[in-house]
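As stored in upload.pdb (PDB, C-alpha atoms):
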```
ATOM      1  CA  MET A 184     188.646  74.804 -93.606
ATOM      2  CA  ILE A 185     191.368  77.163 -94.778
ATOM      3  CA  LYS A 186     194.806  76.140 -95.944
ATOM      4  CA  ARG A 187     197.836  78.026 -97.214
ATOM      5  CA  PHE A 188     200.328  76.703 -99.761
ATOM      6  CA  GLU A 189     203.719  78.268-100.317
ATOM      7  CA  PRO A 190     205.476  77.699-102.609
ATOM      8  CA  ILE A 191     202.839  76.428-105.044
ATOM      9  CA  GLU A 192     204.848  75.347-108.054
ATOM     10  CA  GLY A 193     204.099  71.736-108.964
ATOM     11  CA  ARG A 194     201.547  71.418-106.158
ATOM     12  CA  ASN A 195     198.378  71.721-108.207
ATOM     13  CA  ALA A 196     197.206  68.198-107.420
ATOM     14  CA  GLU A 197     197.965  68.602-103.717
ATOM     15  CA  ILE A 198     195.944  71.826-103.533
ATOM     16  CA  ILE A 199     192.975  70.236-105.305
ATOM     17  CA  GLU A 200     193.092  67.145-103.067
ATOM     18  CA  SER A 201     193.199  69.246 -99.901
ATOM     19  CA  LEU A 202     189.948  70.936-100.905
ATOM     20  CA  MET A 203     188.333  67.675-101.989
ATOM     21  CA  ALA A 204     189.285  66.049 -98.669
ATOM     22  CA  SER A 205     187.925  68.910 -96.576
ATOM     23  CA  PRO A 206     184.936  68.030 -94.376
ATOM     24  CA  GLU A 207     182.791  70.519 -96.316
ATOM     25  CA  VAL A 208     183.326  68.670 -99.601
ATOM     26  CA  ALA A 209     184.280  65.055 -98.795
ATOM     27  CA  GLY A 210     180.768  63.938 -97.878
ATOM     28  CA  LEU A 211     178.993  65.331-100.931
ATOM     29  CA  SER A 212     177.569  63.178-103.714
ATOM     30  CA  ASP A 213     179.915  61.871-106.400
ATOM     31  CA  GLU A 214     178.078  64.012-108.955
ATOM     32  CA  LEU A 215     178.677  67.201-106.980
ATOM     33  CA  LYS A 216     182.272  66.266-106.237
ATOM     34  CA  PHE A 217     182.931  65.710-109.947
ATOM     35  CA  LYS A 218     181.753  69.261-110.684
ATOM     36  CA  ILE A 219     183.590  70.805-107.735
ATOM     37  CA  ARG A 220     186.857  69.039-108.579
ATOM     38  CA  LEU A 221     186.628  70.192-112.168
ATOM     39  CA  CYS A 222     185.944  73.817-111.200
ATOM     40  CA  VAL A 223     188.683  73.824-108.549
ATOM     41  CA  GLU A 224     191.158  72.497-111.091
ATOM     42  CA  GLU A 225     190.171  75.118-113.657
ATOM     43  CA  VAL A 226     190.506  78.014-111.197
ATOM     44  CA  GLU A 227     193.772  76.669-109.825
ATOM     45  CA  GLU A 228     195.141  76.343-113.345
ATOM     46  CA  ASN A 229     194.184  79.967-114.041
ATOM     47  CA  ILE A 230     195.900  81.201-110.894
ATOM     48  CA  LEU A 231     199.082  79.260-111.663
ATOM     49  CA  CYS A 232     199.124  80.407-115.288
ATOM     50  CA  TYR A 233     198.320  84.071-114.938
ATOM     51  CA  SER A 234     198.873  85.525-111.512
ATOM     52  CA  GLY A 235     202.537  84.652-111.002
ATOM     53  CA  THR A 236     201.921  84.177-107.299
ATOM     54  CA  THR A 237     204.175  82.171-104.996
ATOM     55  CA  TRP A 238     201.412  81.365-102.525
ATOM     56  CA  VAL A 239     197.720  80.611-102.433
ATOM     57  CA  GLU A 240     195.174  80.210 -99.675
ATOM     58  CA  VAL A 241     192.181  78.009-100.319
ATOM     59  CA  TRP A 242     189.096  77.474 -98.237
ATOM     60  CA  ALA A 243     185.778  75.692 -98.183
ATOM     61  CA  SER A 244     182.810  76.706 -96.082
ATOM     62  CA  VAL A 245     179.119  75.877 -95.913
ATOM     63  CA  SER A 246     176.427  78.311 -94.888
ATOM     64  CA  ASP A 247     172.665  77.933 -95.332
ATOM     65  CA  GLY A 248     173.123  74.945 -97.599
ATOM     66  CA  VAL A 249     175.539  76.775 -99.885
ATOM     67  CA  LEU A 250     179.118  75.622-100.359
ATOM     68  CA  GLU A 251     181.700  78.316-100.988
ATOM     69  CA  ILE A 252     185.160  77.530-102.324
ATOM     70  CA  GLY A 253     187.647  80.394-102.169
ATOM     71  CA  PHE A 254     191.129  81.218-103.427
ATOM     72  CA  ARG A 255     193.381  84.090-102.358
ATOM     73  CA  ASP A 256     196.761  84.745-103.907
ATOM     74  CA  GLY A 257     199.401  87.447-103.937
ATOM     75  CA  GLY A 258     200.043  87.589-107.663
ATOM     76  CA  VAL A 259     199.395  90.368-110.140
ATOM     77  CA  GLU A 260     195.841  91.622-110.397
ATOM     78  CA  PHE A 261     193.949  89.260-112.676
ATOM     79  CA  ASP A 262     190.189  89.044-113.035
ATOM     80  CA  PRO A 263     189.333  85.766-114.775
ATOM     81  CA  LEU A 264     185.704  86.877-115.060
ATOM     82  CA  ALA A 265     186.679  89.861-117.215
ATOM     83  CA  LYS A 266     187.544  87.648-120.157
ATOM     84  CA  PRO A 267     184.771  87.203-122.728
ATOM     85  CA  ASP A 268     183.161  83.766-122.884
ATOM     86  CA  PRO A 269     184.372  81.501-125.678
ATOM     87  CA  ASP A 270     182.095  81.195-128.693
ATOM     88  CA  ILE A 271     180.805  77.687-128.105
ATOM     89  CA  THR A 272     178.830  77.785-131.358
ATOM     90  CA  ALA A 273     181.943  78.343-133.481
ATOM     91  CA  ARG A 274     182.664  75.832-136.257
ATOM     92  CA  LEU A 275     185.430  73.327-135.679
ATOM     93  CA  GLU A 276     187.959  75.246-137.779
ATOM     94  CA  GLU A 277     187.402  78.457-135.832
ATOM     95  CA  ARG A 278     187.017  76.939-132.414
ATOM     96  CA  GLN A 279     189.474  78.346-129.844
ATOM     97  CA  ILE A 280     190.386  76.702-126.566
ATOM     98  CA  GLY A 281     191.017  79.848-124.507
ATOM     99  CA  GLY A 282     188.692  80.829-121.688
ATOM    100  CA  LEU A 283     187.140  77.399-121.475
ATOM    101  CA  GLY A 284     188.110  76.699-117.870
ATOM    102  CA  ILE A 285     186.310  79.646-116.307
ATOM    103  CA  PHE A 286     183.399  79.118-118.692
ATOM    104  CA  ILE A 287     183.028  75.586-117.294
ATOM    105  CA  CYS A 288     182.955  77.061-113.772
ATOM    106  CA  LYS A 289     180.247  79.525-114.819
ATOM    107  CA  GLN A 290     178.117  76.631-116.059
ATOM    108  CA  MET A 291     178.689  74.268-113.151
ATOM    109  CA  MET A 292     178.659  76.595-110.147
ATOM    110  CA  ASP A 293     175.857  78.981-109.126
ATOM    111  CA  VAL A 294     177.854  82.142-108.377
ATOM    112  CA  LEU A 295     181.414  83.231-109.190
ATOM    113  CA  ASN A 296     182.982  86.302-107.658
ATOM    114  CA  TYR A 297     186.285  88.092-108.050
ATOM    115  CA  ARG A 298     187.784  91.053-106.212
ATOM    116  CA  PHE A 299     191.241  92.558-105.765
ATOM    117  CA  GLU A 300     191.714  93.501-102.139
ATOM    118  CA  ASN A 301     194.815  94.415-100.112
ATOM    119  CA  SER A 302     197.009  93.530-103.106
ATOM    120  CA  CYS A 303     195.480  90.049-103.315
ATOM    121  CA  ASN A 304     193.314  88.311-105.897
ATOM    122  CA  ILE A 305     190.276  86.809-104.203
ATOM    123  CA  PHE A 306     188.130  84.421-106.212
ATOM    124  CA  THR A 307     185.134  82.597-104.800
ATOM    125  CA  MET A 308     182.608  80.240-106.267
ATOM    126  CA  SER A 309     179.529  78.875-104.608
ATOM    127  CA  LYS A 310     176.946  76.216-105.194
ATOM    128  CA  LYS A 311     173.786  75.146-103.432
ATOM    129  CA  ILE A 312     174.350  71.681-101.981
ATOM    130  CA  ALA A 313     171.215  71.166 -99.886
TER     131      ALA A 313
ATOM    132  CA  MET B  98     195.182  57.831-118.129
ATOM    133  CA  THR B  99     195.809  55.107-120.671
ATOM    134  CA  LEU B 100     195.074  54.992-124.387
ATOM    135  CA  ASP B 101     195.225  51.632-126.158
ATOM    136  CA  ILE B 102     195.186  51.734-129.940
ATOM    137  CA  LYS B 103     194.636  48.877-132.379
ATOM    138  CA  LYS B 104     193.909  48.615-136.087
ATOM    139  CA  GLU B 105     191.037  46.556-137.471
ATOM    140  CA  GLY B 106     191.197  46.789-141.228
ATOM    141  CA  GLU B 107     190.692  50.425-142.161
ATOM    142  CA  LYS B 108     189.350  51.288-138.728
ATOM    143  CA  THR B 109     191.428  52.466-135.797
ATOM    144  CA  LEU B 110     189.930  51.460-132.468
ATOM    145  CA  ALA B 111     191.163  53.145-129.338
ATOM    146  CA  THR B 112     190.211  52.651-125.712
ATOM    147  CA  LEU B 113     190.658  55.582-123.384
ATOM    148  CA  SER B 114     190.557  55.070-119.641
ATOM    149  CA  GLY B 115     191.215  56.989-116.455
ATOM    150  CA  ARG B 116     191.376  60.703-115.818
ATOM    151  CA  ILE B 117     192.702  63.524-117.982
ATOM    152  CA  ASP B 118     193.688  66.577-116.010
ATOM    153  CA  THR B 119     196.390  69.203-115.627
ATOM    154  CA  THR B 120     198.898  66.639-114.427
ATOM    155  CA  ASN B 121     198.699  64.339-117.463
ATOM    156  CA  ALA B 122     197.246  66.359-120.361
ATOM    157  CA  ALA B 123     200.700  66.528-121.968
ATOM    158  CA  GLN B 124     200.956  62.743-121.716
ATOM    159  CA  PHE B 125     197.506  62.440-123.308
ATOM    160  CA  GLN B 126     198.624  64.728-126.124
ATOM    161  CA  GLU B 127     201.603  62.465-126.796
ATOM    162  CA  ALA B 128     199.399  59.369-126.645
ATOM    163  CA  ILE B 129     196.992  60.613-129.335
ATOM    164  CA  ALA B 130     199.791  61.530-131.786
ATOM    165  CA  PRO B 131     199.537  58.192-133.707
ATOM    166  CA  LEU B 132     195.804  58.849-134.272
ATOM    167  CA  MET B 133     196.376  62.137-136.073
ATOM    168  CA  GLN B 134     197.130  60.399-139.382
ATOM    169  CA  GLU B 135     194.193  57.985-139.213
ATOM    170  CA  LYS B 136     191.061  58.275-141.357
ATOM    171  CA  ASP B 137     188.469  56.306-139.393
ATOM    172  CA  ILE B 138     188.754  56.439-135.621
ATOM    173  CA  GLU B 139     186.527  55.126-132.860
ATOM    174  CA  ILE B 140     187.457  55.838-129.272
ATOM    175  CA  ASP B 141     185.742  53.873-126.520
ATOM    176  CA  CYS B 142     185.398  56.302-123.617
ATOM    177  CA  SER B 143     183.446  54.050-121.243
ATOM    178  CA  ALA B 144     186.342  53.931-118.761
ATOM    179  CA  MET B 145     187.227  57.622-119.078
ATOM    180  CA  GLU B 146     186.363  59.018-115.677
ATOM    181  CA  TYR B 147     187.124  62.711-115.973
ATOM    182  CA  THR B 148     188.439  65.439-118.214
ATOM    183  CA  SER B 149     189.281  69.047-117.512
ATOM    184  CA  SER B 150     189.600  71.776-120.141
ATOM    185  CA  GLN B 151     193.181  70.589-120.634
ATOM    186  CA  GLY B 152     191.838  67.287-121.941
ATOM    187  CA  LEU B 153     189.254  69.054-124.112
ATOM    188  CA  ARG B 154     192.069  71.031-125.702
ATOM    189  CA  VAL B 155     193.716  67.773-126.806
ATOM    190  CA  PHE B 156     190.433  66.366-128.150
ATOM    191  CA  LEU B 157     189.969  69.587-130.140
ATOM    192  CA  MET B 158     193.481  69.340-131.539
ATOM    193  CA  LEU B 159     192.866  65.725-132.575
ATOM    194  CA  GLN B 160     189.496  66.465-134.174
ATOM    195  CA  LYS B 161     190.957  69.378-136.135
ATOM    196  CA  ALA B 162     193.817  67.211-137.420
ATOM    197  CA  VAL B 163     191.534  64.307-138.364
ATOM    198  CA  SER B 164     188.987  66.544-140.103
ATOM    199  CA  ALA B 165     191.687  68.493-141.946
ATOM    200  CA  ALA B 166     192.996  65.182-143.314
ATOM    201  CA  GLY B 167     189.499  64.193-144.471
ATOM    202  CA  GLY B 168     189.061  61.553-141.781
ATOM    203  CA  LYS B 169     186.321  60.919-139.235
ATOM    204  CA  MET B 170     186.264  60.244-135.524
ATOM    205  CA  VAL B 171     183.615  59.158-133.053
ATOM    206  CA  LEU B 172     183.761  58.956-129.252
ATOM    207  CA  ARG B 173     181.639  56.132-127.882
ATOM    208  CA  ASN B 174     180.096  55.146-124.540
ATOM    209  CA  MET B 175     180.994  58.318-122.691
ATOM    210  CA  GLN B 176     179.997  58.472-119.029
ATOM    211  CA  PRO B 177     177.168  60.996-118.407
ATOM    212  CA  GLN B 178     179.220  63.384-116.259
ATOM    213  CA  VAL B 179     182.046  63.489-118.782
ATOM    214  CA  LYS B 180     179.510  63.951-121.578
ATOM    215  CA  GLU B 181     178.106  66.928-119.688
ATOM    216  CA  VAL B 182     181.517  68.634-119.894
ATOM    217  CA  PHE B 183     181.488  68.132-123.683
ATOM    218  CA  ASP B 184     177.884  69.379-123.839
ATOM    219  CA  ILE B 185     178.214  72.590-121.827
ATOM    220  CA  THR B 186     181.338  73.639-123.721
ATOM    221  CA  GLY B 187     179.752  73.038-127.129
ATOM    222  CA  PHE B 188     182.260  70.280-127.874
ATOM    223  CA  SER B 189     179.390  67.876-128.574
ATOM    224  CA  ASN B 190     178.619  70.020-131.616
ATOM    225  CA  ILE B 191     182.078  69.714-133.156
ATOM    226  CA  ILE B 192     183.066  66.212-132.017
ATOM    227  CA  LYS B 193     180.818  63.255-132.766
ATOM    228  CA  ILE B 194     179.719  61.439-129.622
ATOM    229  CA  ALA B 195     177.679  58.261-129.945
TER     230      ALA B 195
END
```
Rendering of file as structure tokens:
Amino acid sequence: MIKRFEPIEGRNAEIIESLMASPEVAGLSDELKFKIRLCVEEVEENILCYSGTTWVEVWASVSDGVLEIGFRDGGVEFDPLAKPDPDITARLEERQIGGLGIFICKQMMDVLNYRFENSCNIFTMSKKIA
Amino acid sequence: MTLDIKKEGEKTLATLSGRIDTTNAAQFQEAIAPLMQEKDIEIDCSAMEYTSSQGLRVFLMLQKAVSAAGGKMVLRNMQPQVKEVFDITGFSNIIKIA
């Protein structure tokens, strides 16, 4: 499944639901879907906040028991994986909220990948589902 | 997302239900505003189905405000999958979950 959204402003929920309803994701366990929805939302939020793109393509595919979710957008080059992880051991007073979304993805998915190719940001995340 | 708040003596009991995500995190932030001044807060999270990092941000803001004012807060009956989000982000270390 691959789907393109343009424009994307205000369509965050629609983009997430289209991935969750895809045949590759819809039949998975509730536990897996919880994690996938959360990671999709966090990546989507990053794209909308930082890349300044007007369009995004999203896809879901399964190969050898591994689900891949992908995002391609035409915004400015932005590698979410380049940011340092938040210090999750920091005391309450020093605790910062930044970088938490991608950190959650790192914990909940098996592999995250970013590349900038043909003037597009391409971000994929994959998880073993079988 | 709904947040019901009631006072029982010195205690403030809140019940949080539904999902907290990008679409309603701002609404959640408004909803918790009355709790910021309270000294003894319990939030029943048994019907809270989901939170993204946007929701965590609001919980962090609330905990910081409550602690700075010398108060205490506990989140109760959290569903395992939601608890996992608090655990992997280290939020379980700075917010009391029982």
Fill in: Answer key for the ChimeraX specification (/A :<10) & /B, residues as a ChimeraX atom specification
/B:118-120,146-151,153-155,157-158,160-162,164-165,177-179,181-192
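Proximity to B:Lys169 was assessed for B:Asp141, B:Glu135, B:Glu107, B:Glu127 counting all atoms listed in the file; the smallest distance is recorded for B:Glu135.
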Item to complete: Let me know the residues the PyMOL selection byres ((chain B and resi 173) around 10) catches in the file above, as a ChimeraX atom specification.
Response: /B:112,139-143,170-172,174-176,193-195
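In this structure, atom CA of B:Gln126 sits 20.5 Å away from atom CA of A:Leu231.
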Practice prompt. Take atom CA of B:Leu159 and atom CA of B:Ile117 and report the distance between them in Å, one decimal.
Written response: 14.8 Å
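The list of residues with at least one atom within 6 Å of B:Ser114, based on all atoms listed in the file and without residues fewer than 4 positions apart in the same chain, reads Met98, Thr99, Ala144 and Met145 of chain B.
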Which residues, protein or nucleic acid, reach to within 12 Å of (188.2, 67.1, -97.5) in the file's coordinates when using all atoms listed in the file, and can you give that as a short mmCIF file (atom, residue, chain, number, x, y, z; two decimals) with C-alpha atoms, in the frame of the given file?
```cif
data_model
loop_
_atom_site.label_atom_id
_atom_site.label_comp_id
_atom_site.auth_asym_id
_atom_site.auth_seq_id
_atom_site.Cartn_x
_atom_site.Cartn_y
_atom_site.Cartn_z
CA MET A 184 188.65 74.80 -93.61
CA ILE A 185 191.37 77.16 -94.78
CA LYS A 186 194.81 76.14 -95.94
CA GLU A 197 197.96 68.60 -103.72
CA ILE A 198 195.94 71.83 -103.53
CA ILE A 199 192.98 70.24 -105.30
CA GLU A 200 193.09 67.14 -103.07
CA SER A 201 193.20 69.25 -99.90
CA LEU A 202 189.95 70.94 -100.90
CA MET A 203 188.33 67.68 -101.99
CA ALA A 204 189.28 66.05 -98.67
CA SER A 205 187.92 68.91 -96.58
CA PRO A 206 184.94 68.03 -94.38
CA GLU A 207 182.79 70.52 -96.32
CA VAL A 208 183.33 68.67 -99.60
CA ALA A 209 184.28 65.06 -98.80
CA GLY A 210 180.77 63.94 -97.88
CA LEU A 211 178.99 65.33 -100.93
CA LYS A 216 182.27 66.27 -106.24
CA ILE A 219 183.59 70.81 -107.74
CA ARG A 220 186.86 69.04 -108.58
CA VAL A 241 192.18 78.01 -100.32
CA TRP A 242 189.10 77.47 -98.24
CA ALA A 243 185.78 75.69 -98.18
CA SER A 244 182.81 76.71 -96.08
CA ILE A 252 185.16 77.53 -102.32
#
```
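With only C-alpha atoms as the atoms that count, the minimum distance from A:Leu264 to the choices A:Trp238, A:Tyr297, A:Tyr233, A:Phe188 is reached by A:Tyr297.
Nearest residue to A:Lys266, choosing from A:Asn229, A:Thr307, A:Ser302, A:Thr236 and counting all atoms listed in the file: A:Asn229.
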Item to complete: Name every residue that the PyMOL selection byres ((chain B and resi 101) around 8) selects in this structure, writing the answer as a ChimeraX atom specification with chains first and numbers rising.
Response: /B:99-100,102-103,111-113
For stretch 165-173 of chain B, what centre and edge lengths in Å (one decimal) does the axis-aligned box get once 3 Å is added on each side of all its listed atoms, as AutoDock Vina command-line options?
```
--center_x 187.3 --center_y 62.3 --center_z -136.2 --size_x 17.4 --size_y 18.4 --size_z 22.6
```
Worksheet item: Please, what distance in Å, to one decimal, runs between atom CA of A:Gly258 and atom CA of A:Cys288?
Response: 21.0 Å
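Proximity to B:Gln134 was assessed for B:Arg116, B:Ala166, B:Lys108, B:Ala122 counting only C-alpha atoms; the smallest distance is recorded for B:Ala166.
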